[in-house]
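So this block is target-v5.txt, compact mmCIF, C-alpha atoms and all ligand atoms:
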```
# COMPACT_ATOMS: atom_id res chain seq x y z
CA MET A 1 62.32 -2.96 24.55
CA LEU A 2 59.50 -5.46 25.16
CA THR A 3 56.05 -5.24 23.60
CA GLY A 4 52.86 -7.16 24.33
CA ALA A 5 49.30 -7.40 23.09
CA GLY A 6 48.47 -3.85 24.27
CA ILE A 7 50.52 -2.29 21.48
CA SER A 8 48.31 -3.96 18.86
CA ALA A 9 45.01 -3.38 20.68
CA GLU A 10 44.30 -0.07 18.95
CA SER A 11 44.91 -1.76 15.59
CA GLY A 12 41.91 -3.94 16.40
CA LEU A 13 43.61 -7.13 17.66
CA ALA A 14 42.20 -8.35 20.97
CA THR A 15 44.53 -8.68 23.94
CA PHE A 16 44.42 -11.87 26.00
CA ARG A 17 43.39 -10.92 29.51
CA ASP A 18 41.43 -7.68 29.12
CA ALA A 19 37.61 -7.72 29.12
CA ASP A 20 36.58 -8.93 25.62
CA GLY A 21 40.09 -10.41 25.29
CA LEU A 22 40.98 -13.57 23.37
CA TRP A 23 40.77 -15.73 26.46
CA GLU A 24 37.17 -14.63 27.10
CA GLY A 25 35.95 -17.25 24.65
CA HIS A 26 38.66 -19.82 25.38
CA HIS A 27 40.41 -21.31 28.37
CA PRO A 28 44.16 -20.72 27.80
CA GLU A 29 44.85 -24.35 28.63
CA ASP A 30 42.40 -25.42 25.87
CA VAL A 31 44.22 -23.59 23.08
CA ALA A 32 47.69 -22.52 24.17
CA THR A 33 49.39 -25.69 25.35
CA PRO A 34 50.93 -28.63 23.47
CA GLU A 35 48.55 -30.88 25.43
CA ALA A 36 45.54 -28.96 24.04
CA PHE A 37 46.90 -29.38 20.51
CA ASP A 38 47.34 -33.12 21.02
CA ALA A 39 43.83 -33.46 22.47
CA ASP A 40 41.94 -31.30 19.95
CA PRO A 41 44.11 -30.12 17.04
CA ALA A 42 41.11 -28.82 15.07
CA LEU A 43 40.06 -26.46 17.88
CA VAL A 44 43.57 -25.09 18.22
CA GLN A 45 44.14 -24.76 14.46
CA ARG A 46 40.82 -22.90 14.12
CA PHE A 47 41.80 -20.48 16.90
CA TYR A 48 45.05 -19.60 15.08
CA ASP A 49 43.55 -19.73 11.56
CA GLU A 50 41.00 -17.08 12.61
CA ARG A 51 43.75 -14.87 14.03
CA ARG A 52 45.90 -15.32 10.89
CA ARG A 53 42.91 -14.43 8.69
CA ALA A 54 42.41 -11.22 10.71
CA LEU A 55 45.90 -9.89 9.95
CA PRO A 56 45.20 -8.43 6.48
CA ARG A 57 42.20 -6.59 7.96
CA VAL A 58 44.26 -4.64 10.51
CA GLN A 59 46.95 -2.02 10.14
CA PRO A 60 49.91 -0.97 12.29
CA ASN A 61 49.13 2.00 14.51
CA ALA A 62 51.10 5.06 15.56
CA ALA A 63 52.93 3.10 18.27
CA HIS A 64 54.30 0.51 15.82
CA ARG A 65 55.33 3.25 13.42
CA ALA A 66 57.03 5.26 16.17
CA LEU A 67 59.20 2.27 17.13
CA ALA A 68 60.20 1.91 13.48
CA ARG A 69 61.27 5.59 13.50
CA LEU A 70 63.32 4.89 16.60
CA GLU A 71 65.02 1.95 14.88
CA GLU A 72 65.92 4.17 11.91
CA THR A 73 67.99 6.31 14.27
CA LEU A 74 69.25 3.75 16.77
CA GLY A 75 69.83 0.81 14.44
CA ASP A 76 71.25 -2.17 16.31
CA ASP A 77 71.21 -0.19 19.56
CA LEU A 78 67.47 -0.83 19.69
CA PHE A 79 66.67 -4.44 20.59
CA LEU A 80 62.94 -4.96 20.03
CA VAL A 81 61.49 -8.17 21.44
CA THR A 82 57.78 -8.79 21.11
CA GLN A 83 55.53 -11.39 22.67
CA ASN A 84 53.08 -10.75 19.84
CA ILE A 85 52.64 -13.20 17.01
CA ASP A 86 51.12 -10.61 14.66
CA ASP A 87 53.24 -8.90 11.99
CA LEU A 88 52.33 -5.30 12.82
CA HIS A 89 55.83 -4.25 13.93
CA GLU A 90 57.23 -5.36 10.57
CA ARG A 91 54.38 -3.78 8.62
CA GLY A 92 54.94 -0.59 10.65
CA GLY A 93 58.52 -0.48 9.37
CA SER A 94 60.61 -2.30 11.99
CA THR A 95 63.19 -4.63 10.47
CA ARG A 96 64.84 -6.21 13.52
CA VAL A 97 62.00 -7.79 15.49
CA HIS A 98 62.57 -10.73 17.85
CA HIS A 99 59.34 -12.74 18.11
CA MET A 100 59.89 -14.63 21.37
CA HIS A 101 56.44 -16.32 21.20
CA GLY A 102 56.67 -17.09 17.49
CA SER A 103 54.70 -15.81 14.54
CA LEU A 104 51.34 -16.30 12.84
CA VAL A 105 52.87 -15.81 9.41
CA THR A 106 55.06 -18.90 9.52
CA ALA A 107 54.08 -22.55 9.98
CA TRP A 108 56.31 -25.09 11.72
CA CYS A 109 56.61 -28.67 10.52
CA VAL A 110 57.18 -30.91 13.51
CA ALA A 111 58.26 -33.74 11.18
CA CYS A 112 61.16 -31.99 9.38
CA ASP A 113 61.55 -28.92 11.67
CA ARG A 114 61.25 -26.52 8.74
CA ARG A 115 59.55 -23.15 9.15
CA THR A 116 57.64 -21.89 6.10
CA PRO A 117 56.06 -18.48 5.42
CA TRP A 118 52.31 -19.08 5.74
CA SER A 119 49.21 -17.00 5.02
CA GLY A 120 46.48 -19.64 4.63
CA ASP A 121 44.72 -21.97 7.03
CA LEU A 122 46.24 -25.01 8.73
CA LEU A 123 42.97 -26.70 9.74
CA ASP A 124 42.76 -28.66 6.48
CA GLN A 125 46.20 -30.21 7.18
CA PRO A 126 48.10 -28.96 4.11
CA PRO A 127 51.36 -30.75 3.28
CA CYS A 128 54.64 -29.27 4.44
CA PRO A 129 56.43 -27.76 1.40
CA GLY A 130 59.65 -29.29 2.76
CA CYS A 131 58.80 -32.94 3.45
CA GLY A 132 55.22 -33.39 2.24
CA THR A 133 53.84 -34.68 5.53
CA SER A 134 50.78 -33.13 7.17
CA ALA A 135 52.57 -32.18 10.33
CA LEU A 136 52.31 -28.39 10.26
CA ARG A 137 51.40 -26.55 13.46
CA PRO A 138 51.25 -22.85 14.27
CA ASP A 139 54.77 -21.54 14.80
CA VAL A 140 53.93 -20.19 18.23
CA VAL A 141 55.20 -20.81 21.76
CA TRP A 142 52.66 -22.38 24.09
CA PHE A 143 52.76 -22.70 27.88
CA GLY A 144 55.46 -25.16 28.89
CA GLU A 145 57.47 -24.55 25.70
CA MET A 146 60.73 -22.62 25.51
CA PRO A 147 60.38 -19.11 24.06
CA TYR A 148 62.59 -18.35 21.06
CA GLY A 149 65.93 -16.57 21.17
CA MET A 150 66.36 -16.41 24.94
CA ASP A 151 70.18 -16.25 24.80
CA ASP A 152 70.11 -13.20 22.51
CA ILE A 153 67.42 -11.59 24.64
CA HIS A 154 69.34 -12.05 27.88
CA ARG A 155 72.51 -10.71 26.26
CA ALA A 156 70.67 -7.59 25.08
CA LEU A 157 68.86 -7.08 28.39
CA PHE A 158 71.63 -7.31 30.91
CA GLY A 159 73.39 -3.97 31.19
CA CYS A 160 71.20 -2.17 28.65
CA GLU A 161 70.85 1.57 29.18
CA LEU A 162 67.05 1.57 29.26
CA PHE A 163 64.47 -1.22 29.35
CA VAL A 164 61.00 -0.21 28.13
CA SER A 165 57.93 -2.41 28.49
CA ILE A 166 54.90 -1.55 26.36
CA GLY A 167 51.37 -2.98 26.67
CA THR A 168 51.99 -6.23 28.50
CA SER A 169 50.29 -7.45 31.67
CA GLY A 170 53.50 -8.83 33.19
CA VAL A 171 52.03 -12.18 34.17
CA VAL A 172 53.62 -14.53 31.64
CA TYR A 173 57.20 -15.66 32.24
CA PRO A 174 59.95 -15.40 31.21
CA ALA A 175 58.94 -12.01 29.70
CA ALA A 176 57.46 -10.88 33.03
CA GLY A 177 60.91 -11.30 34.60
CA PHE A 178 62.77 -9.13 32.07
CA VAL A 179 62.32 -6.00 34.19
CA ASP A 180 64.03 -7.67 37.16
CA TYR A 181 66.83 -8.93 34.93
CA ALA A 182 67.34 -5.42 33.53
CA LEU A 183 67.25 -3.91 37.03
CA ALA A 184 69.87 -6.41 38.19
CA GLY A 185 72.12 -5.21 35.37
CA GLY A 186 71.74 -1.60 36.45
CA SER A 187 69.36 -0.47 33.69
CA ARG A 188 66.80 2.26 33.97
CA THR A 189 63.26 0.91 33.42
CA LEU A 190 60.09 2.46 32.00
CA GLU A 191 56.57 1.06 31.58
CA LEU A 192 54.09 2.41 29.01
CA ASN A 193 50.67 0.82 29.58
CA LEU A 194 46.98 1.55 29.86
CA GLU A 195 47.13 0.09 33.38
CA ARG A 196 50.03 -0.76 35.65
CA ALA A 197 51.27 -4.28 35.01
CA ALA A 198 51.53 -7.01 37.65
CA ASN A 199 55.35 -6.79 37.65
CA SER A 200 55.44 -3.11 38.54
CA ASP A 201 59.00 -2.60 39.76
CA PHE A 202 59.77 -0.03 37.06
CA HIS A 203 61.53 3.27 37.77
CA GLU A 204 58.85 5.12 35.81
CA HIS A 205 55.29 4.37 34.68
CA ARG A 206 53.34 6.28 32.09
CA GLN A 207 49.69 5.39 31.85
CA GLY A 208 47.62 5.71 28.67
CA PRO A 209 47.05 4.23 25.21
CA ALA A 210 50.15 3.06 23.37
CA SER A 211 49.24 5.02 20.23
CA GLU A 212 49.69 8.24 22.25
CA LEU A 213 52.39 7.32 24.78
CA VAL A 214 54.84 5.63 22.43
CA PRO A 215 55.10 8.36 19.74
CA ARG A 216 55.43 11.02 22.48
CA TRP A 217 58.19 9.05 24.21
CA VAL A 218 60.01 8.38 20.90
CA ASP A 219 59.88 12.11 20.10
CA GLU A 220 61.50 12.81 23.48
CA VAL A 221 64.27 10.28 22.84
CA LEU A 222 64.95 11.56 19.33
CA ALA A 223 65.04 15.14 20.60
CA GLY A 224 67.85 14.03 22.91
C1 LIG B 301 47.27 -1.44 26.48
C2 LIG B 301 46.30 -1.04 25.59
C3 LIG B 301 46.58 0.10 24.86
C4 LIG B 301 45.56 -2.79 26.51
N1 LIG B 301 47.73 0.74 25.04
N2 LIG B 301 48.41 -0.85 26.72
C5 LIG B 301 56.04 -19.24 37.62
C6 LIG B 301 57.23 -18.59 37.41
C7 LIG B 301 57.84 -18.61 36.17
C8 LIG B 301 57.25 -19.27 35.11
C9 LIG B 301 56.07 -19.92 35.32
C10 LIG B 301 55.48 -19.92 36.56
N3 LIG B 301 54.37 -20.67 36.46
C11 LIG B 301 54.22 -21.10 35.19
C12 LIG B 301 55.27 -20.65 34.49
C13 LIG B 301 55.52 -20.86 33.06
C14 LIG B 301 54.58 -20.14 32.12
C15 LIG B 301 53.93 -18.91 32.73
O1 LIG B 301 54.45 -17.83 32.74
N4 LIG B 301 52.71 -19.05 33.24
C16 LIG B 301 52.03 -17.92 33.86
C17 LIG B 301 50.58 -17.88 33.39
C18 LIG B 301 52.20 -18.03 35.34
N5 LIG B 301 55.42 -19.74 31.02
C19 LIG B 301 55.74 -20.57 30.05
O2 LIG B 301 55.33 -21.71 30.02
C20 LIG B 301 56.68 -20.05 28.99
N6 LIG B 301 57.76 -20.93 28.81
C21 LIG B 301 58.67 -21.12 29.76
O3 LIG B 301 58.59 -20.63 30.88
O4 LIG B 301 59.69 -21.88 29.31
C22 LIG B 301 60.67 -22.26 30.25
C23 LIG B 301 60.56 -23.70 30.41
C24 LIG B 301 60.03 -24.46 29.41
C25 LIG B 301 59.94 -25.81 29.58
C26 LIG B 301 60.38 -26.38 30.76
C27 LIG B 301 60.90 -25.60 31.76
C28 LIG B 301 61.01 -24.26 31.59
C29 LIG B 301 55.98 -19.95 27.65
C30 LIG B 301 54.93 -18.89 27.66
C31 LIG B 301 54.21 -18.87 26.32
C32 LIG B 301 53.08 -17.88 26.32
N7 LIG B 301 52.32 -18.07 25.16
C33 LIG B 301 51.22 -17.13 24.87
C34 LIG B 301 50.52 -17.65 23.60
C35 LIG B 301 51.40 -17.41 22.37
C36 LIG B 301 50.68 -17.64 21.11
C37 LIG B 301 49.43 -16.79 20.99
O5 LIG B 301 49.52 -15.57 20.82
O6 LIG B 301 48.35 -17.39 21.08
O7 LIG B 301 51.73 -15.81 24.63
S1 LIG B 301 50.09 -16.90 26.23
C38 LIG B 301 49.78 -15.20 25.90
O8 LIG B 301 50.24 -14.37 26.99
C39 LIG B 301 50.66 -14.85 24.67
C40 LIG B 301 51.18 -13.50 25.05
O9 LIG B 301 52.34 -13.20 24.32
C41 LIG B 301 51.40 -13.61 26.54
C42 LIG B 301 51.47 -12.30 27.26
O10 LIG B 301 50.29 -11.58 27.12
P1 LIG B 301 50.34 -9.98 27.04
O11 LIG B 301 50.97 -9.56 25.77
O12 LIG B 301 50.91 -9.45 28.28
O13 LIG B 301 48.76 -9.65 26.91
P2 LIG B 301 47.69 -9.45 28.08
O14 LIG B 301 46.36 -9.58 27.45
O15 LIG B 301 47.98 -10.30 29.24
O16 LIG B 301 47.91 -7.94 28.55
C43 LIG B 301 47.59 -6.86 27.70
C44 LIG B 301 48.19 -5.60 28.30
O17 LIG B 301 48.01 -4.54 27.40
C45 LIG B 301 47.52 -5.16 29.63
O18 LIG B 301 48.56 -4.84 30.57
C46 LIG B 301 46.73 -3.91 29.25
O19 LIG B 301 46.71 -2.94 30.29
C47 LIG B 301 47.55 -3.40 28.09
N8 LIG B 301 46.77 -2.62 27.12
N9 LIG B 301 45.23 -1.97 25.68
C48 LIG B 301 48.61 0.26 25.99
N10 LIG B 301 45.69 0.56 23.99
```
Would you write the structure of this file as structure tokens?
Ligand code: BJW
Amino acid sequence: MLTGAGISAESGLATFRDADGLWEGHHPEDVATPEAFDADPALVQRFYDERRRALPRVQPNAAHRALARLEETLGDDLFLVTQNIDDLHERGGSTRVHHMHGSLVTAWCVACDRRTPWSGDLLDQPPCPGCGTSALRPDVVWFGEMPYGMDDIHRALFGCELFVSIGTSGVVYPAAGFVDYALAGGSRTLELNLERAANSDFHEHRQGPASELVPRWVDEVLAG
């Protein structure tokens, strides 16, 4: 199971590429690359500080909660990987979430490589609780960087019974290639999205808002 920004849209978090999305006010290459961070760390820290500050103001929606219900029944048989850096899956009740693009609620010290739970700003260059240097950056994966946990993800994907993609545009790799990887392993594939994604080789598409599609689909699965 792969989720993207669309699953959090109805909670009030902007997607990236939709009209009024996060990129509307920013060029991706100005805020989501290591080069951008080197060139203008304050701009990049502000972009992520604002998004971190927004988290307490939003709540998980019915789609997040439905996936938590599914996990209660399936346990380790559900492998949930999200591209989202928000914490709405966890706050919706999911306990086994793989954040392949990192997380807003941890900070990464590039000096000592320690990751620390974080809820405040990073713009003012706070010291790392581990080594005391001011080398904290958002613990997120930018373009050109290696997403987290790829070995585990590939192991879970290949040969899985069903691969479900929820609310992602299918333009950012490697996540956009997961459907092909699952298909190569013989899996059935399903897309739940407001609009068909760019990588639309799924066996089945259901079109609509995640807060409606996901609970309905989870009910079907749980009913057997
Ligand atoms: C709803 C809804 C509702 C709305 N209900 N649905 C060619 C081939 C392969 C790779 C590349 C390539 N060219 C370049 C690359 C590499 C690059 C890449 O993919 N670039 C593309 C732009 C072409 N990828 C990388 O660099 C990745 N690393 C990598 O490949 O490492 C390998 C490597 C490394 C080094 C050397 C050599 C190899 C890293 C990618 C990191 C992406 N990072 C970001 C930022 C993370 C931090 C942050 O959040 O700021 O991740 S970019 C941004 O896009 C973010 C997202 O997770 C990601 C995906 O976005 P998502 O979730 O799909 O959102 P949207 O807005 O695009 O779509 C929203 C969807 O929701 C839409 O479909 C709507 O319809 C839907 N929706 N409302 C249901 N209510």
Query raised in the report: Can you tell me which residues sit at most 6 Å away from ligand LIG 301 (chain B), counting only C-alpha atoms and all ligand atoms, written as a PyMOL selection string?
Result: chain A and resi 4-7+9-10+15-18+32+83-85+101+140-147+167-174+193-195+197+209-210
Query raised in the report: For A:Gly208, which residue among A:Glu72, A:Ile166, A:Gly12, A:Ala19 is the nearest when counting only C-alpha atoms?
Result: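 Looking only at the distances to A:Gly208, the closest residue turns out to be A:Ile166.
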Query - Atom-to-atom span, atom CA of A:Trp118 and atom CA of A:Val105, Å - result: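 Separation of atom CA of A:Trp118 and atom CA of A:Val105: 4.9 Å.
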Query raised in the report: Any idea what's packed within 12 Å of A:Pro60, counting only C-alpha atoms, ignoring anything in its chain fewer than 4 positions away? Could you give it as a PyMOL selection string?
Result: chain A and resi 7-13+55-56+64-68+86-94+210-211
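With atom CA of A:Ala176 on one side and atom CA of A:Cys109 on the other, the separation reads 28.7 Å.
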Requested in this report: With only C-alpha atoms counted, which protein, DNA or RNA residues have an atom no more than 7 Å from (62.8, -31.2, 4.6) in the file frame? Please answer as a PyMOL selection string.
Outcome: chain A and resi 112+114+130-131
Requested in this report: Dig up all the protein and nucleic acid residues within 12 Å of (69.1, -6.4, 36.0) in the file frame, using all atoms listed in the file, and format them as a list in words.
Outcome: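 Using all atoms listed in the file, the matching residues come out as His154, Arg155, Ala156, Leu157, Phe158, Gly159, Cys160, Glu161, Leu162, Phe163, Gly177, Phe178, Val179, Asp180, Tyr181, Ala182, Leu183, Ala184, Gly185, Gly186, Ser187, Arg188, Thr189, Asp201 and Phe202 of chain A.
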**Report entry** Which of A:Thr73, A:Asp20, A:Leu2, A:Arg46 sits closest to A:Asp219 [using all atoms listed in the file]
**Finding:**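 Closest to A:Asp219 of all the choices is A:Thr73.
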Requested in this report: For atom CA of A:Val214 and atom CA of A:Asp151, determine how far apart the two atoms are, in Å to one decimal place.
Outcome: 26.8 Å
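For the residues A:Leu22, A:Val97, A:Ala198, A:Leu136, ranking by smallest atom-to-atom distance to A:Gly75 using only C-alpha atoms places A:Val97 first.
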Query - Using all atoms listed in the file: which of A:Ser165, A:Thr95, A:Ala107, A:Asp124 has the shortest distance to A:Arg69 - result: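 The closest residue to A:Arg69 is A:Thr95.
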Please enclose the listed atoms of stretch 120-136 of chain A in an axis-aligned box, pad each side by 6 Å, and write out the centre and the three edge lengths in Å, rounded to one decimal, as lines of an AutoDock Vina configuration file.
```
center_x = 51.2
center_y = -27.2
center_z = 5.9
size_x = 28.9
size_y = 27.0
size_z = 20.9
```
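Minimum atom-to-atom distances from A:Met1, A:Leu80, A:Val31, A:Leu123 to A:Gln45 were compared using only C-alpha atoms, and the lowest value belongs to A:Leu123.
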Query raised in the report: Hey, what's within 9 Å of A:Gly149 if we count all atoms listed in the file and toss same-chain stuff fewer than 5 positions away? As a list in words, please?
Result: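 Skipping anything fewer than 5 positions along the chain leaves His98, His99, Met100 and His154 of chain A.
Distance annotation: of A:Phe47, A:Arg137, A:Val164, A:Pro215, the residue with the minimal separation from A:Trp23 is A:Phe47; atom set is only C-alpha atoms.
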Report task. Can you pull out every residue within 9 Å of A:Asp30, counting all atoms listed in the file, but drop anything in the same chain fewer than 5 positions away, and send it as a PyMOL selection string? Result -> chain A and resi 35-37+39-40+43-44
